[in-house]
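Undergrad: Handing you this structure, nothing more for now.
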Amino acid sequence: MLLDFNAWWAAVETFERIYWLIALPSSLFFLVILVTTFIAGDIDGEVGDVDADIAGDDGIGFQFFTLKNLVGFFTIFAWSGIASIDVGNGTLVTVIISSFCGMAMMVVMAGIFHFMGKLSDDGTLSLRNAIGGVGEVYLTIQPKRGGSGKVQINVQGTLRTLQAMTDDDVELKSGSVVRVVAILNNHFLLVTKEGTFLV
């Protein structure tokens, strides 16, 4: 069998050999990335600290030049080139076809992972989800935005302690029940007194 491979390899022209030398390792790497992506998640990057990014969550941006996309490019580039050579196309036509197919693969993969990222819940806190919610003052909040305090409130299914200010005329003491009415500078909750103390 080894002799058959050697004979076949010796008969392959240099131009086609280049495509085979790209196709084999890139295909193996592509399979490894595919398996690890579905088992362990995205390997191109990790989501940041939940409490560090609270300005908003617009999903994962459209990323064109990533490890997965480049591996996909070389894999499809090589195999489409080999197919083009097999049907008798010349060098220039083969390079054009394989390059086009590789770029198309990059666009498809970038689009897939972009939309998958938008569909997945990455756990990033969006303060907008707190609007309308009811919580309890943890640290006293000064009236008329005279100083910030802290509020404990359930946001996105988790109890969080967040900075807050108020437009109320009186200070909101610890234990007061408040409702979130707006977000200030993507950082502070704007709250107003809701009523009685939480039990």
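Every chain in the structure tokens takes a letter, A first, then B, and so on in the order presented; its residues are numbered from 1, and the ligands are numbered from 1 following the presented order.
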Extract, using only C-alpha atoms, all DNA, RNA and protein residues at most 9 Å from A:Ile131, discarding same-chain residues fewer than 5 positions from it, and format them as an mmCIF file with N, CA and C atoms, in the first residue's frame.

TA:
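What ended up in selection-v6.cif:
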```cif
data_model
loop_
_atom_site.group_PDB
_atom_site.id
_atom_site.type_symbol
_atom_site.label_atom_id
_atom_site.label_comp_id
_atom_site.auth_asym_id
_atom_site.auth_seq_id
_atom_site.Cartn_x
_atom_site.Cartn_y
_atom_site.Cartn_z
ATOM 1 N N ARG A 179 -38.381 51.011 43.001
ATOM 2 C CA ARG A 179 -38.610 50.521 41.646
ATOM 3 C C ARG A 179 -37.649 51.235 40.697
ATOM 4 N N VAL A 180 -37.076 50.505 39.765
ATOM 5 C CA VAL A 180 -36.166 51.077 38.778
ATOM 6 C C VAL A 180 -36.978 51.731 37.673
ATOM 7 N N VAL A 181 -36.705 53.014 37.423
ATOM 8 C CA VAL A 181 -37.470 53.736 36.396
ATOM 9 C C VAL A 181 -36.643 54.057 35.158
ATOM 10 N N ALA A 182 -35.319 54.049 35.284
ATOM 11 C CA ALA A 182 -34.465 54.370 34.130
ATOM 12 C C ALA A 182 -33.027 53.958 34.438
ATOM 13 N N ILE A 183 -32.180 54.079 33.404
ATOM 14 C CA ILE A 183 -30.750 53.817 33.544
ATOM 15 C C ILE A 183 -30.007 55.113 33.241
ATOM 16 N N LEU A 189 -28.627 52.753 38.225
ATOM 17 C CA LEU A 189 -30.077 52.592 38.191
ATOM 18 C C LEU A 189 -30.700 53.869 38.743
ATOM 19 N N LEU A 190 -31.730 54.386 38.093
ATOM 20 C CA LEU A 190 -32.499 55.497 38.645
ATOM 21 C C LEU A 190 -33.737 54.890 39.277
#
```

Undergrad: Fewer than 5 positions away in the same chain doesn't count, so skip those; otherwise give me all residues within 12 Å of A:Gly157, counting only C-alpha atoms, as a ChimeraX atom specification.

TA: /A:123,125-126,129-130,133

Undergrad: Excluding A:Phe100 and residues on its chain fewer than 3 positions from it, collect all residues at most 10 Å away from it, counting only C-alpha atoms, and give them as number ranges by chain.

TA: A: 73, 76-77, 80, 94-97, 103-106

Undergrad: Can you work out which one of A:Val93, A:Thr66, A:Gly102, A:Val155 has the shortest atom-to-atom distance to A:His114, counting only C-alpha atoms?

TA: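 Residue with the minimum atom-to-atom distance to A:His114: A:Thr66.
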
Undergrad: Can you tell me which residues surround stretch 134-146 of chain A at a distance of at most 6 Å, considering only C-alpha atoms, apart from same-chain residues fewer than 3 positions away, and format the answer as a ChimeraX atom specification?

TA: /A:149-153,165-179
